[in-house]
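Undergrad: Take this structure first; my questions come after.
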Amino acid sequence: MAALLTLSEQNTIKAISPNWANAVKITGGVKNFDQLQKEVENGKYKKLIGSAFLLDIQTNPTATDNVALLNGSTFSDCHNQKVKFEGIKYQLAFMNYAKYVGISDQADTFTGMVRQNRTETSPLSEGAVKREQRDAEEIAQSDFDLMVQFIIKNSSKYPLFHCNNKQSVFVPKLTTIRKTYR
């Protein structure tokens with residue numbers, strides 16, 4: 001079963017470093033992008049749309065109804081206005097990017113997990129990384145919400161989707177810390 005999103009599609013939608021993406025992980029000879037994409041698709045995205053529905057899309061990606069979900073479609077919303085969602089590939093690209101931002105500077109070595117540190121660069125702060133992740137997840141969630149409206153409107157074509165699923169894309173909440181002065 002092929003992945004729903006390829007590296008070239010990923011980089012067309014929301015680019016990630018091809019150097020990182022094509023690097024082979026030490027264990028198993030799996031490329032970084034292939035591992036990342038598999039984790040997001042079969043982890044986070046499965047929770048969003050359900051196992052049976054995802055399996056149907058993965059095994060029948062060329063079915064007309066599934067192509068509309070994968071590549072996006074236009075439809076009339078509840079206010080009878082024409083709207084468009086970008087599709088599952090678009091959502092996966094932003095979800096992949098959010099995960100990539102958090103792990104791209106990490107490497108699995110024979111001595112354990114390490115974080116890259118180069119003298120000519122400085123790493124982003126944890127807050128900046130979280131902000132990048134949150135922004136990407138919000139874009140994915142917004143498009144996913146439109147797609148759910150489309151699926152509900154065309155529910156007879158998508159019997160495996162259960163709209164009572166309350167899962168959503170994880171968007172971390174940042175809180176402020178108050179300083180007390182003595």
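Chain labels follow the order of the structure tokens: the first chain is A, the next B, and so on; residue numbering restarts at 1 in every chain, and ligands are counted from 1 in their shown order.
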If we count only C-alpha atoms and set the cut-off at 9 Å, which residues sit around region 55-58 of chain A, ignoring sequence neighbours fewer than 5 positions away in its own chain? Please answer as a list in words.
TA: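 Listing them by chain and then by number gives Met1, Ala2, Ala3, Leu4, Lys46, Gly50, Ala63, Asn66, Val67, Leu69, Leu70 and Leu160 of chain A.
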Undergrad: For Ala21 (chain A), find every residue with an atom within 8 Å (counting only C-alpha atoms), except residues of its own chain fewer than 2 positions away, and show them as a PyMOL selection string.
TA: chain A and resi 7+16-19+23+31-34
Undergrad: Just to confirm, what's the straight-line distance from CA of Ala128 (chain A) to CA of Lys99 (chain A) in Å (one decimal)?
TA: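 Computing it gives 13.7 Å between the two atoms.
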Undergrad: Do you have the CA of Val148 (chain A)-CA of Lys82 (chain A) distance handy?
TA: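 Interatomic distance here is 15.1 Å.
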Undergrad: Which polymer residues have any atom within 12 Å of an atom of Ser142 (chain A), counting only C-alpha atoms, with same-chain residues fewer than 5 positions away left out, as JSON, numbers by chain?
TA: {"A": [84, 85, 86, 87, 88, 90, 91, 94, 95, 135, 136, 137, 147, 148, 149, 168, 169, 171]}
Undergrad: Please dump the current selection as a compact mmCIF listing (two decimals), in the first residue's frame; keep C-alpha atoms.
TA:
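Produced file part15.txt, reproduced below:
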```txt
# COMPACT_ATOMS: atom_id res chain seq x y z
CA LYS A 84 -13.12 24.83 -1.21
CA PHE A 85 -11.05 22.49 0.88
CA GLU A 86 -7.56 21.56 -0.30
CA GLY A 87 -7.72 17.87 0.57
CA ILE A 88 -6.06 15.14 2.56
CA TYR A 90 -2.65 19.22 1.81
CA GLN A 91 -3.60 18.39 5.41
CA PHE A 94 1.09 20.53 7.01
CA MET A 95 0.86 17.82 9.66
CA ASP A 135 0.66 27.42 12.83
CA ALA A 136 1.03 24.36 10.60
CA GLU A 137 -1.41 22.31 12.69
CA MET A 147 -13.50 18.57 4.47
CA VAL A 148 -15.71 17.20 7.25
CA GLN A 149 -18.48 19.57 6.12
CA SER A 168 -8.84 17.04 16.22
CA VAL A 169 -5.38 17.96 15.09
CA VAL A 171 -2.59 22.33 18.55
```
Undergrad: Rank A:Val24, A:Val129, A:Leu54, A:Asp77 by their smallest atom-to-atom distance to Tyr97 (chain A), using only C-alpha atoms, and report the top residue only.
TA: A:Val129
Undergrad: Leaving out Val40 (chain A) and any residue of its chain fewer than 5 positions from it, which residues lie within 8 Å of it when counting only C-alpha atoms, given as number ranges by chain?
TA: A: 45, 92, 95-96
Undergrad: Pull N, CA and C atoms from the residues just selected and write them as a short mmCIF file (atom, residue, chain, number, x, y, z; two decimals), in the first residue's frame.
TA:
```cif
data_model
loop_
_atom_site.label_atom_id
_atom_site.label_comp_id
_atom_site.auth_asym_id
_atom_site.auth_seq_id
_atom_site.Cartn_x
_atom_site.Cartn_y
_atom_site.Cartn_z
N TYR A 45 -3.44 10.92 11.65
CA TYR A 45 -4.55 11.05 10.71
C TYR A 45 -5.57 9.93 10.89
N LEU A 92 -2.11 16.47 5.23
CA LEU A 92 -0.96 15.66 5.62
C LEU A 92 0.35 16.43 5.48
N MET A 95 0.64 18.63 8.46
CA MET A 95 0.86 17.82 9.66
C MET A 95 2.28 17.25 9.66
N ASN A 96 2.76 16.82 8.49
CA ASN A 96 4.14 16.34 8.37
C ASN A 96 5.11 17.45 8.71
#
```
Undergrad: Out of region 23-161 of chain A, which residues get helix (DSSP H, G or I) from DSSP, as a VMD selection string?
TA: chain A and resid 32 to 49 51 to 59 64 to 71 88 to 103 126 to 153 155 to 157
Undergrad: Nearest to Ile13 (chain A) among A:Ala93, A:Lys130, A:Tyr158, A:Lys153, with distances taken over only C-alpha atoms: which residue is it?
TA: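 Smallest distance to Ile13 (chain A) is found for A:Ala93.
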Undergrad: Would you mind telling me which residue in A:Ile49, A:Ala68, A:Leu146, A:Ala15 lies nearest to Val83 (chain A) when using only C-alpha atoms?
TA: A:Leu146
